[in-house]
There are 2 protein chains.
Amino acid sequence: MTNIYEIAKKVGVSHMTVSRAFNNPELVGKKTKEKIFKIANELNYRPSMVAISMRTKKTYYIGLILPDIINPFFPEIVRGVDDFARKSNYNVILVNTDNDYNIQNSSLNMFSNRRIDGIILSGIAGGKKDNIFINEIISRNIPVVLIDRYIPELNSSYVITNNQKAAYDATSYLIKLGHTKIGVISSPQKIKIFQDRLKGYKSALINSNIEFNEDLIIEGEESIKSGYITTKALFNRSNKFTALFSMCDFMAFGAYQYCRENNVSIPDDISIISIDDIYASALLTPPLTTMAQKKYDMGYIAAKILIDCIRKNKIPKKQVILEAQLIERLSCKKII
Amino acid sequence: MTNIYEIAKKVGVSHMTVSRAFNNPELVGKKTKEKIFKIANELNYRPSMVAISMRTKKTYYIGLILPDIINPFFPEIVRGVDDFARKSNYNVILVNTDNDYNIQNSSLNMFSNRRIDGIILSGIAGGKKDNIFINEIISRNIPVVLIDRYIPELNSSYVITNNQKAAYDATSYLIKLGHTKIGVISSPQKIKIFQDRLKGYKSALINSNIEFNEDLIIEGEESIKSGYITTKALFNRSNKFTALFSMCDFMAFGAYQYCRENNVSIPDDISIISIDDIYASALLTPPLTTMAQKKYDMGYIAAKILIDCIRKNKIPKKQVILEAQLIERLSCKKII
DNA sequence: GTGAAAGCGCTAACAT
DNA sequence: ATGTTAGCGCTTTCAC
């Protein structure tokens, strides 16, 4: 591959003039510049980012760690990150950890070796291991922005949804439709954002003087299958409910599946609301009413914060909270 | 960040001994080696991939170009690529082109600058621009493997589904259920793989002595919206059909939407079969019967072919065709 | 089993 | 407006 020395030789200048022609064109004579560009073009010159990185200690790479690219929540985040990064001449190295801590940890070493400029980390499982992992990143002086999930004590950067408000709005919507017995299929409560969602649910009840009933809550995982199982378990309890608040669309899908199999009509027998709005939600029968998270924006903003900080050479400490938006479809019904 | 010189100084050897300890440990004395590893560990040494790339001309990066990461067809491919790449110590740089040729072209220049070792290219729109693009990659001596789409004349590597067979099997399945009037909502016929699918449809008809009727075919795009529009248009034609063959799940989703809005019952009034099997297909009411493509395998195999060739320093020329598999759900019904 | 020298392709710093 | 020198952190080659 041709380099600046080759061009320099052909044009009859030093390699520095060639370098300047590309990086500080105002310092190079017009005629020389033209010659250089012409020859560079002929030789198909491509400046080596590897050499530039070597010299400048900047790679213009950011690492993006995701737990599960198959979950349709994440591809939109990827797009947001990728769009802003590309605009800013950065590139994204994607790692799909499959919720495996070994992969996550080894990806950090890989990122260190590759001297990437910063990390966007999404989808923490909850628990001490996450704190250790994030602290390890920070102790290596790698700028990092968390996305979707956060850990308040760590005081790092993050971009998340206003989860409490989203759950509050979802629950209030059901209450407005006349529901007072509202079941909850909950995502893991060890994860902070799901605690926030439960808080939002409770405060909506309090706000309408509805008594909180522990028996209406059941906890599972963020999967379709778990949505199915928890819904079934909730129905098998003695308590009655007219509506269901699902903490994520995937679990709501499982609830749909249970209802279909057991001839429970949505929304005639039961209203369902959720949080996420992944694209399949609109395709269900009936289309799912849900609180839409701004997934693309999350990725875009996280990339913006990260790259801004990289450029200013400082540790990111910005915390952004995005509002979810009610998408009314057909899964909820007014009752008397 | 610490480098081999620092370690060498602390241990009291030359930097070359340190380098060897990591790369050719059998050439280094046991005691020396132990000391080196101990110090390296203490200093948190991370070998610079940038410097290694500089010297060896290998970056251990592969570029993955996708048209649309939001389309759930692609995340599974990403996982396949990423899994094999990680195992082989390669990393994936993802570019989401959004079907924009400008982004695609500039990503190629970026890949050249970054001296990536190879490219996996997916989702060609069809038309001359693709040939130009692929030829440009080849002329730059960058190993490339196509995925999902291919261009026969180019004789490059690819991993695709046996599209003709998949369409043949889907159509034959409908015929076996008693259908003879089978409408087709087709993806763009300028794209080779969709031509193949149409061929498969026709040959299944021929095989059962059913007359081919041009009026039962309608062409659209690969989107939910287009599935809706084409289905509507097909119903508005005078011809009658009892079953619908959709060339991709996204279009089938649009067909579902049209049927729901117009009280056409699936599968009682019309049977629908498709090709893809993206995860939402199982969630629809009724769950969609479709020919599952091996998406993960596609990515995995493409990465394998590419990395094998990179290692052997030769241009990939392997062509892999994967069989699709019928997933029987509830969208098709036997008729008299 | 270990070391010295050169060089990968650039840019920063200084010189003219 | 242009050139010279050194060095980023490694590996390759040759030497002992």
# chains A, B, ... in the order shown; residues from 1 in each chain; ligands from 1
>>> interface_residues(of="chain B", to="chain C", cutoff="7 Å", atoms="only C-alpha atoms (C1' of nucleotides)", output="ChimeraX atom specification")
/B:14,17,27-29,54-55
>>> write_last_selection(atoms="N, CA and C atoms", output="PDB file, in the first residue's frame")
ATOM      1  N   SER B  14      16.517  -7.575  27.971  1.00  0.00           N
ATOM      2  CA  SER B  14      16.208  -6.684  26.852  1.00  0.00           C
ATOM      3  C   SER B  14      14.720  -6.817  26.505  1.00  0.00           C
ATOM      4  N   THR B  17      13.479 -10.123  24.925  1.00  0.00           N
ATOM      5  CA  THR B  17      13.178 -11.274  25.770  1.00  0.00           C
ATOM      6  C   THR B  17      11.733 -11.193  26.270  1.00  0.00           C
ATOM      7  N   LEU B  27      11.187 -20.162  23.822  1.00  0.00           N
ATOM      8  CA  LEU B  27      12.550 -19.690  23.569  1.00  0.00           C
ATOM      9  C   LEU B  27      13.162 -18.971  24.768  1.00  0.00           C
ATOM     10  N   VAL B  28      12.384 -18.849  25.839  1.00  0.00           N
ATOM     11  CA  VAL B  28      12.852 -18.056  26.986  1.00  0.00           C
ATOM     12  C   VAL B  28      13.054 -18.948  28.209  1.00  0.00           C
ATOM     13  N   GLY B  29      14.090 -18.686  28.938  1.00  0.00           N
ATOM     14  CA  GLY B  29      14.393 -19.454  30.151  1.00  0.00           C
ATOM     15  C   GLY B  29      13.252 -19.381  31.156  1.00  0.00           C
ATOM     16  N   MET B  54       0.894  -2.420  13.262  1.00  0.00           N
ATOM     17  CA  MET B  54       1.848  -1.588  12.526  1.00  0.00           C
ATOM     18  C   MET B  54       2.956  -2.450  11.935  1.00  0.00           C
ATOM     19  N   ARG B  55       3.454  -3.336  12.751  1.00  0.00           N
ATOM     20  CA  ARG B  55       4.576  -4.174  12.340  1.00  0.00           C
ATOM     21  C   ARG B  55       4.127  -5.309  11.419  1.00  0.00           C
TER      22      ARG B  55
END
>>> interface_residues(of="chain A", to="chain B", cutoff="8 Å", atoms="only C-alpha atoms", output="PyMOL selection string")
chain A and resi 46-51+53-54+69-70+72+75-76+78-79+82+91-96+109+112-115+253+257+280+283-285
>>> calpha_fit_and_write(fixed="chain B", moving="chain A", output="compact mmCIF listing (two decimals) with C-alpha atoms, in the first residue's frame")
# COMPACT_ATOMS: atom_id res chain seq x y z
CA MET A 1 0.58 2.68 29.45
CA THR A 2 3.41 0.29 30.15
CA ASN A 3 5.31 -1.29 27.27
CA ILE A 4 7.84 -4.07 26.85
CA TYR A 5 10.76 -1.71 27.46
CA GLU A 6 9.53 -0.82 30.90
CA ILE A 7 9.09 -4.44 31.82
CA ALA A 8 12.48 -5.27 30.35
CA LYS A 9 14.15 -2.63 32.47
CA LYS A 10 12.51 -3.80 35.69
CA VAL A 11 13.36 -7.43 35.03
CA GLY A 12 16.83 -6.67 33.79
CA VAL A 13 16.58 -8.19 30.33
CA SER A 14 16.19 -6.78 26.83
CA HIS A 15 12.80 -5.90 25.44
CA MET A 16 13.08 -8.81 23.01
CA THR A 17 13.10 -11.33 25.80
CA VAL A 18 9.89 -9.82 27.04
CA SER A 19 8.39 -9.97 23.57
CA ARG A 20 9.43 -13.60 23.27
CA ALA A 21 8.02 -14.46 26.67
CA PHE A 22 4.60 -13.55 25.32
CA ASN A 23 4.86 -14.77 21.74
CA ASN A 24 7.35 -17.64 21.82
CA PRO A 25 7.54 -18.61 25.46
CA GLU A 26 9.41 -21.81 24.63
CA LEU A 27 12.43 -19.72 23.68
CA VAL A 28 12.73 -18.08 27.08
CA GLY A 29 14.24 -19.47 30.27
CA LYS A 30 11.79 -20.55 32.90
CA LYS A 31 12.97 -18.21 35.66
CA THR A 32 13.17 -15.22 33.33
CA LYS A 33 9.74 -15.95 32.02
CA GLU A 34 8.23 -16.10 35.47
CA LYS A 35 9.81 -12.81 36.44
CA ILE A 36 8.56 -11.19 33.27
CA PHE A 37 5.00 -12.38 33.76
CA LYS A 38 5.04 -11.28 37.36
CA ILE A 39 6.21 -7.78 36.57
CA ALA A 40 3.94 -7.52 33.55
CA ASN A 41 1.06 -8.40 35.77
CA GLU A 42 2.04 -5.86 38.40
CA LEU A 43 2.33 -3.13 35.83
CA ASN A 44 -0.92 -4.17 34.18
CA TYR A 45 0.82 -4.63 30.88
CA ARG A 46 -1.42 -4.77 27.81
CA PRO A 47 0.31 -5.45 24.49
CA SER A 48 -0.57 -2.75 22.01
CA MET A 49 -2.52 -4.19 19.12
CA VAL A 50 -1.87 -0.92 17.34
CA ALA A 51 1.89 -1.47 17.41
CA ILE A 52 1.48 -5.12 16.50
CA SER A 53 -0.70 -4.18 13.55
CA MET A 54 1.83 -1.60 12.51
CA ARG A 55 4.56 -4.19 12.36
CA THR A 56 2.71 -7.25 11.14
CA LYS A 57 0.26 -5.57 8.74
CA LYS A 58 -2.56 -7.47 10.32
CA THR A 59 -5.24 -5.80 12.38
CA TYR A 60 -7.41 -8.78 13.31
CA TYR A 61 -10.41 -6.67 12.42
CA ILE A 62 -13.12 -7.69 10.01
CA GLY A 63 -15.71 -5.28 8.69
CA LEU A 64 -19.36 -6.21 8.65
CA ILE A 65 -21.58 -4.17 6.35
CA LEU A 66 -25.32 -4.50 6.93
CA PRO A 67 -28.19 -2.63 5.30
CA ASP A 68 -30.45 -2.48 8.33
CA ILE A 69 -29.71 -3.76 11.80
CA ILE A 70 -33.30 -3.04 12.84
CA ASN A 71 -34.58 -5.77 10.56
CA PRO A 72 -34.50 -8.75 12.93
CA PHE A 73 -33.04 -10.89 10.20
CA PHE A 74 -29.65 -9.27 10.70
CA PRO A 75 -28.94 -9.34 14.43
CA GLU A 76 -28.74 -13.12 14.25
CA ILE A 77 -26.20 -12.82 11.48
CA VAL A 78 -24.25 -10.40 13.63
CA ARG A 79 -24.19 -12.93 16.43
CA GLY A 80 -22.95 -15.66 14.16
CA VAL A 81 -20.19 -13.47 12.78
CA ASP A 82 -19.25 -12.10 16.19
CA ASP A 83 -19.14 -15.51 17.81
CA PHE A 84 -16.78 -17.03 15.31
CA ALA A 85 -14.68 -13.89 15.09
CA ARG A 86 -14.20 -13.64 18.83
CA LYS A 87 -13.19 -17.29 19.05
CA SER A 88 -10.58 -16.59 16.43
CA ASN A 89 -9.30 -13.44 18.09
CA TYR A 90 -10.78 -11.17 15.51
CA ASN A 91 -13.09 -8.27 16.18
CA VAL A 92 -16.00 -7.00 14.20
CA ILE A 93 -16.46 -3.43 13.05
CA LEU A 94 -20.11 -2.99 12.31
CA VAL A 95 -21.45 -0.56 9.75
CA ASN A 96 -25.16 -0.08 9.32
CA THR A 97 -25.62 1.48 5.89
CA ASP A 98 -29.33 2.14 6.13
CA ASN A 99 -29.41 1.14 2.48
CA ASP A 100 -27.50 4.31 1.68
CA TYR A 101 -24.84 3.90 -1.00
CA ASN A 102 -22.91 6.90 0.27
CA ILE A 103 -22.49 5.31 3.65
CA GLN A 104 -21.60 2.01 2.06
CA ASN A 105 -18.94 3.58 -0.14
CA SER A 106 -17.42 5.70 2.57
CA SER A 107 -17.35 2.70 4.87
CA LEU A 108 -15.13 0.97 2.35
CA ASN A 109 -12.65 3.83 2.42
CA MET A 110 -12.76 3.78 6.17
CA PHE A 111 -12.07 0.06 6.16
CA SER A 112 -9.13 0.63 3.85
CA ASN A 113 -7.71 3.31 6.11
CA ARG A 114 -8.15 1.05 9.07
CA ARG A 115 -6.40 -1.76 7.23
CA ILE A 116 -9.01 -4.28 8.27
CA ASP A 117 -8.25 -7.85 7.23
CA GLY A 118 -11.51 -8.65 5.42
CA ILE A 119 -15.13 -7.79 4.83
CA ILE A 120 -18.45 -9.54 5.21
CA LEU A 121 -21.06 -7.85 3.09
CA SER A 122 -24.75 -8.43 3.46
CA GLY A 123 -27.95 -7.21 1.98
CA ILE A 124 -27.28 -5.80 -1.44
CA ALA A 125 -30.13 -3.81 -2.88
CA GLY A 126 -29.71 -5.20 -6.38
CA GLY A 127 -28.53 -3.38 -9.45
CA LYS A 128 -25.28 -2.27 -11.03
CA LYS A 129 -24.07 -0.26 -8.07
CA ASP A 130 -23.60 -3.46 -6.11
CA ASN A 131 -21.38 -4.97 -8.77
CA ILE A 132 -19.30 -1.81 -8.84
CA PHE A 133 -19.00 -1.81 -5.09
CA ILE A 134 -17.98 -5.45 -4.82
CA ASN A 135 -15.53 -5.09 -7.67
CA GLU A 136 -14.00 -2.13 -5.89
CA ILE A 137 -13.48 -4.25 -2.78
CA ILE A 138 -11.93 -7.02 -4.81
CA SER A 139 -9.68 -4.64 -6.73
CA ARG A 140 -8.34 -3.39 -3.41
CA ASN A 141 -7.37 -6.95 -2.60
CA ILE A 142 -9.58 -7.11 0.44
CA PRO A 143 -10.93 -10.60 1.07
CA VAL A 144 -14.72 -10.49 1.00
CA VAL A 145 -17.57 -12.88 1.67
CA LEU A 146 -21.13 -12.06 0.62
CA ILE A 147 -23.96 -13.14 2.84
CA ASP A 148 -27.68 -13.60 2.20
CA ARG A 149 -27.40 -12.04 -1.26
CA TYR A 150 -25.06 -12.91 -4.11
CA ILE A 151 -24.19 -11.99 -7.66
CA PRO A 152 -23.45 -15.10 -9.71
CA GLU A 153 -21.25 -13.43 -12.35
CA LEU A 154 -18.81 -12.12 -9.82
CA ASN A 155 -17.60 -15.52 -8.67
CA SER A 156 -16.91 -14.24 -5.19
CA SER A 157 -17.48 -16.09 -1.95
CA TYR A 158 -20.93 -16.21 -0.54
CA VAL A 159 -23.14 -17.89 2.03
CA ILE A 160 -26.82 -17.97 1.10
CA THR A 161 -29.98 -19.95 1.54
CA ASN A 162 -31.16 -22.34 -1.14
CA ASN A 163 -33.83 -19.88 -2.11
CA GLN A 164 -35.29 -21.80 -4.99
CA LYS A 165 -35.70 -24.90 -2.87
CA ALA A 166 -37.17 -22.92 0.03
CA ALA A 167 -39.82 -21.39 -2.23
CA TYR A 168 -40.42 -24.76 -3.86
CA ASP A 169 -40.99 -26.38 -0.47
CA ALA A 170 -43.24 -23.59 0.76
CA THR A 171 -45.38 -23.75 -2.36
CA SER A 172 -45.47 -27.54 -2.35
CA TYR A 173 -46.64 -27.46 1.24
CA LEU A 174 -49.61 -25.32 0.24
CA ILE A 175 -50.34 -27.58 -2.71
CA LYS A 176 -50.25 -30.60 -0.42
CA LEU A 177 -52.90 -28.88 1.69
CA GLY A 178 -55.12 -28.69 -1.38
CA HIS A 179 -54.40 -25.16 -2.59
CA THR A 180 -54.10 -24.51 -6.29
CA LYS A 181 -54.77 -20.79 -6.44
CA ILE A 182 -51.72 -19.43 -4.66
CA GLY A 183 -51.07 -15.70 -4.66
CA VAL A 184 -47.53 -14.35 -4.29
CA ILE A 185 -46.43 -11.14 -2.66
CA SER A 186 -42.96 -10.85 -4.06
CA SER A 187 -39.87 -9.01 -2.91
CA PRO A 188 -38.04 -7.00 -5.62
CA GLN A 189 -37.33 -9.14 -8.66
CA LYS A 190 -34.24 -7.15 -9.50
CA ILE A 191 -32.60 -8.97 -6.62
CA LYS A 192 -31.29 -12.37 -7.62
CA ILE A 193 -32.40 -14.34 -4.58
CA PHE A 194 -35.99 -13.25 -5.11
CA GLN A 195 -35.84 -14.35 -8.72
CA ASP A 196 -34.72 -17.69 -7.34
CA ARG A 197 -37.71 -17.78 -5.04
CA LEU A 198 -40.08 -17.08 -7.87
CA LYS A 199 -38.49 -19.91 -9.84
CA GLY A 200 -39.06 -22.22 -6.91
CA TYR A 201 -42.70 -21.22 -6.75
CA LYS A 202 -43.16 -21.87 -10.46
CA SER A 203 -41.44 -25.22 -10.46
CA ALA A 204 -43.63 -26.41 -7.59
CA LEU A 205 -46.69 -25.52 -9.64
CA ILE A 206 -45.34 -27.26 -12.72
CA ASN A 207 -44.51 -30.29 -10.68
CA SER A 208 -48.18 -30.59 -9.70
CA ASN A 209 -49.55 -29.67 -13.11
CA ILE A 210 -50.99 -26.41 -11.86
CA GLU A 211 -51.11 -23.65 -14.39
CA PHE A 212 -48.99 -20.61 -13.63
CA ASN A 213 -51.03 -17.43 -13.54
CA GLU A 214 -49.18 -14.13 -13.83
CA ASP A 215 -52.12 -12.29 -12.28
CA LEU A 216 -51.55 -13.99 -8.94
CA ILE A 217 -48.12 -12.40 -8.59
CA ILE A 218 -47.54 -8.92 -7.28
CA GLU A 219 -44.22 -7.26 -6.56
CA GLY A 220 -43.36 -4.96 -3.66
CA GLU A 221 -40.53 -4.24 -1.26
CA GLU A 222 -39.20 -5.96 1.80
CA SER A 223 -41.20 -4.12 4.38
CA ILE A 224 -44.30 -4.55 6.49
CA LYS A 225 -45.94 -1.64 4.77
CA SER A 226 -45.29 -3.03 1.32
CA GLY A 227 -46.70 -6.37 2.46
CA TYR A 228 -49.87 -4.57 3.42
CA ILE A 229 -50.13 -2.67 0.15
CA THR A 230 -49.43 -5.61 -2.12
CA THR A 231 -51.87 -7.85 -0.27
CA LYS A 232 -54.55 -5.23 -0.60
CA ALA A 233 -53.83 -4.84 -4.31
CA LEU A 234 -53.95 -8.58 -4.80
CA PHE A 235 -57.32 -8.80 -3.11
CA ASN A 236 -58.61 -5.99 -5.27
CA ARG A 237 -57.79 -7.87 -8.43
CA SER A 238 -60.57 -10.02 -9.77
CA ASN A 239 -58.69 -13.28 -9.41
CA LYS A 240 -59.37 -15.50 -6.46
CA PHE A 241 -56.80 -17.30 -4.34
CA THR A 242 -57.00 -19.48 -1.25
CA ALA A 243 -53.41 -19.14 -0.16
CA LEU A 244 -50.65 -16.59 -0.14
CA PHE A 245 -46.93 -17.18 -0.48
CA SER A 246 -45.00 -14.25 0.96
CA MET A 247 -41.33 -13.99 0.02
CA CYS A 248 -40.29 -12.70 3.40
CA ASP A 249 -41.74 -12.54 6.90
CA PHE A 250 -41.84 -8.76 6.94
CA MET A 251 -44.22 -8.74 3.98
CA ALA A 252 -46.26 -11.50 5.60
CA PHE A 253 -46.68 -9.25 8.64
CA GLY A 254 -48.16 -6.63 6.35
CA ALA A 255 -50.49 -9.26 4.91
CA TYR A 256 -51.62 -10.13 8.43
CA GLN A 257 -52.34 -6.49 9.09
CA TYR A 258 -54.46 -6.22 5.96
CA CYS A 259 -56.38 -9.38 6.81
CA ARG A 260 -57.07 -8.24 10.36
CA GLU A 261 -58.37 -4.90 9.21
CA ASN A 262 -60.60 -6.49 6.58
CA ASN A 263 -61.88 -9.42 8.59
CA VAL A 264 -60.16 -11.96 6.41
CA SER A 265 -59.51 -14.87 8.72
CA ILE A 266 -56.14 -16.62 8.66
CA PRO A 267 -56.15 -19.57 8.01
CA ASP A 268 -59.90 -20.04 7.52
CA ASP A 269 -60.29 -17.65 4.60
CA ILE A 270 -56.71 -17.68 3.47
CA SER A 271 -53.56 -19.65 4.25
CA ILE A 272 -50.27 -17.78 4.48
CA ILE A 273 -46.73 -19.14 4.26
CA SER A 274 -43.50 -17.21 4.12
CA ILE A 275 -39.70 -17.39 4.21
CA ASP A 276 -37.39 -16.18 7.02
CA ASP A 277 -38.66 -17.10 10.47
CA ILE A 278 -37.75 -14.02 12.40
CA TYR A 279 -38.66 -14.21 16.05
CA ALA A 280 -41.86 -12.18 15.84
CA SER A 281 -43.35 -14.72 13.42
CA ALA A 282 -44.14 -17.08 16.25
CA LEU A 283 -45.89 -14.32 18.19
CA LEU A 284 -48.50 -13.43 15.62
CA THR A 285 -52.09 -14.63 15.78
CA PRO A 286 -52.11 -17.17 14.29
CA PRO A 287 -48.39 -18.00 14.51
CA LEU A 288 -46.89 -17.84 11.03
CA THR A 289 -45.88 -20.95 9.14
CA THR A 290 -42.62 -20.15 7.41
CA MET A 291 -39.41 -21.53 5.94
CA ALA A 292 -36.73 -20.85 8.52
CA GLN A 293 -33.44 -19.53 7.20
CA LYS A 294 -30.31 -20.42 9.13
CA LYS A 295 -29.37 -16.89 9.91
CA TYR A 296 -26.91 -17.52 12.73
CA ASP A 297 -25.17 -20.20 10.69
CA MET A 298 -24.89 -17.84 7.76
CA GLY A 299 -22.97 -15.35 9.85
CA TYR A 300 -20.88 -18.00 11.54
CA ILE A 301 -19.93 -19.76 8.32
CA ALA A 302 -19.21 -16.51 6.49
CA ALA A 303 -16.84 -15.49 9.28
CA LYS A 304 -15.21 -18.90 9.18
CA ILE A 305 -14.61 -18.79 5.45
CA LEU A 306 -13.29 -15.26 5.63
CA ILE A 307 -10.93 -15.82 8.53
CA ASP A 308 -9.64 -19.10 7.11
CA CYS A 309 -8.73 -17.31 3.92
CA ILE A 310 -7.16 -14.39 5.74
CA ARG A 311 -4.96 -16.82 7.64
CA LYS A 312 -3.97 -18.71 4.54
CA ASN A 313 -3.50 -15.42 2.77
CA LYS A 314 -5.72 -16.27 -0.16
CA ILE A 315 -8.82 -14.84 -1.76
CA PRO A 316 -12.00 -16.55 -0.55
CA LYS A 317 -13.76 -18.49 -3.29
CA LYS A 318 -16.10 -20.70 -1.37
CA GLN A 319 -19.80 -20.84 -2.04
CA VAL A 320 -22.07 -22.23 0.61
CA ILE A 321 -25.78 -22.86 0.19
CA LEU A 322 -27.86 -23.59 3.27
CA GLU A 323 -31.22 -25.33 3.27
CA ALA A 324 -34.26 -23.64 4.77
CA GLN A 325 -36.51 -25.62 7.03
CA LEU A 326 -40.30 -25.69 7.18
CA ILE A 327 -41.66 -24.46 10.50
CA GLU A 328 -45.28 -25.55 10.67
CA ARG A 329 -47.37 -23.22 12.74
CA LEU A 330 -51.01 -22.27 12.39
CA SER A 331 -51.33 -19.98 9.41
CA CYS A 332 -52.03 -22.68 6.83
CA LYS A 333 -55.07 -24.92 6.58
CA LYS A 334 -56.06 -27.95 4.57
CA ILE A 335 -58.85 -27.32 2.08
CA ILE A 336 -60.99 -29.80 0.20
>>> interface_residues(of="chain D", to="chain B", cutoff="10 Å", atoms="only C-alpha atoms (C1' of nucleotides)", output="list in words")
DC8, DG9, DC10, DT11 and DT12 of chain D
>>> select_by_dssp(residues="segment 155-204 of chain B", states="helix (DSSP H, G or I)", output="compact mmCIF listing (two decimals) with N, CA and C atoms, in the first residue's frame")
# COMPACT_ATOMS: atom_id res chain seq x y z
N ASN B 163 -32.58 -20.62 -1.99
CA ASN B 163 -33.83 -19.88 -2.09
C ASN B 163 -34.86 -20.55 -2.99
N GLN B 164 -34.37 -21.13 -4.06
CA GLN B 164 -35.30 -21.79 -4.97
C GLN B 164 -35.98 -22.97 -4.27
N LYS B 165 -35.18 -23.74 -3.57
CA LYS B 165 -35.71 -24.89 -2.85
C LYS B 165 -36.67 -24.45 -1.74
N ALA B 166 -36.32 -23.40 -1.05
CA ALA B 166 -37.18 -22.91 0.04
C ALA B 166 -38.55 -22.53 -0.51
N ALA B 167 -38.55 -21.83 -1.62
CA ALA B 167 -39.82 -21.39 -2.22
C ALA B 167 -40.58 -22.60 -2.76
N TYR B 168 -39.83 -23.53 -3.32
CA TYR B 168 -40.43 -24.76 -3.83
C TYR B 168 -41.13 -25.51 -2.70
N ASP B 169 -40.43 -25.65 -1.59
CA ASP B 169 -41.00 -26.38 -0.45
C ASP B 169 -42.21 -25.66 0.13
N ALA B 170 -42.12 -24.34 0.23
CA ALA B 170 -43.25 -23.58 0.78
C ALA B 170 -44.48 -23.76 -0.11
N THR B 171 -44.27 -23.64 -1.41
CA THR B 171 -45.38 -23.76 -2.35
C THR B 171 -45.94 -25.19 -2.35
N SER B 172 -45.04 -26.15 -2.33
CA SER B 172 -45.46 -27.55 -2.33
C SER B 172 -46.29 -27.87 -1.09
N TYR B 173 -45.91 -27.27 0.02
CA TYR B 173 -46.65 -27.47 1.27
C TYR B 173 -48.10 -27.00 1.11
N LEU B 174 -48.25 -25.84 0.49
CA LEU B 174 -49.61 -25.32 0.26
C LEU B 174 -50.38 -26.24 -0.69
N ILE B 175 -49.70 -26.70 -1.72
CA ILE B 175 -50.34 -27.58 -2.69
C ILE B 175 -50.79 -28.88 -2.00
N LYS B 176 -49.93 -29.37 -1.14
CA LYS B 176 -50.24 -30.59 -0.40
C LYS B 176 -51.49 -30.41 0.45
N LYS B 192 -31.45 -11.01 -7.16
CA LYS B 192 -31.28 -12.38 -7.62
C LYS B 192 -32.00 -13.41 -6.74
N ILE B 193 -31.84 -13.29 -5.44
CA ILE B 193 -32.41 -14.33 -4.58
C ILE B 193 -33.93 -14.38 -4.67
N PHE B 194 -34.55 -13.26 -5.01
CA PHE B 194 -36.00 -13.26 -5.12
C PHE B 194 -36.45 -13.81 -6.47
N GLN B 195 -35.60 -13.65 -7.45
CA GLN B 195 -35.84 -14.36 -8.72
C GLN B 195 -35.82 -15.86 -8.46
N ASP B 196 -34.84 -16.27 -7.66
CA ASP B 196 -34.73 -17.69 -7.34
C ASP B 196 -35.99 -18.20 -6.64
N ARG B 197 -36.51 -17.36 -5.76
CA ARG B 197 -37.71 -17.78 -5.03
C ARG B 197 -38.92 -17.90 -5.97
N LEU B 198 -38.98 -17.01 -6.92
CA LEU B 198 -40.08 -17.09 -7.87
C LEU B 198 -39.97 -18.36 -8.72
N LYS B 199 -38.74 -18.66 -9.10
CA LYS B 199 -38.48 -19.91 -9.83
C LYS B 199 -38.97 -21.12 -9.04
N GLY B 200 -38.67 -21.13 -7.76
CA GLY B 200 -39.06 -22.23 -6.90
C GLY B 200 -40.58 -22.37 -6.84
N TYR B 201 -41.24 -21.24 -6.75
CA TYR B 201 -42.71 -21.23 -6.75
C TYR B 201 -43.24 -21.86 -8.03
N LYS B 202 -42.69 -21.39 -9.15
CA LYS B 202 -43.16 -21.88 -10.46
C LYS B 202 -42.92 -23.37 -10.60
N SER B 203 -41.75 -23.83 -10.21
CA SER B 203 -41.44 -25.24 -10.45
C SER B 203 -42.30 -26.14 -9.57
N ALA B 204 -42.70 -25.63 -8.40
CA ALA B 204 -43.62 -26.42 -7.57
C ALA B 204 -44.97 -26.56 -8.26
>>> select_by_dssp(residues="segment 112-215 of chain B", states="strand (DSSP E or B)", output="NGL selection string")
:B and (118-122 or 144-147 or 157-161 or 182-186)
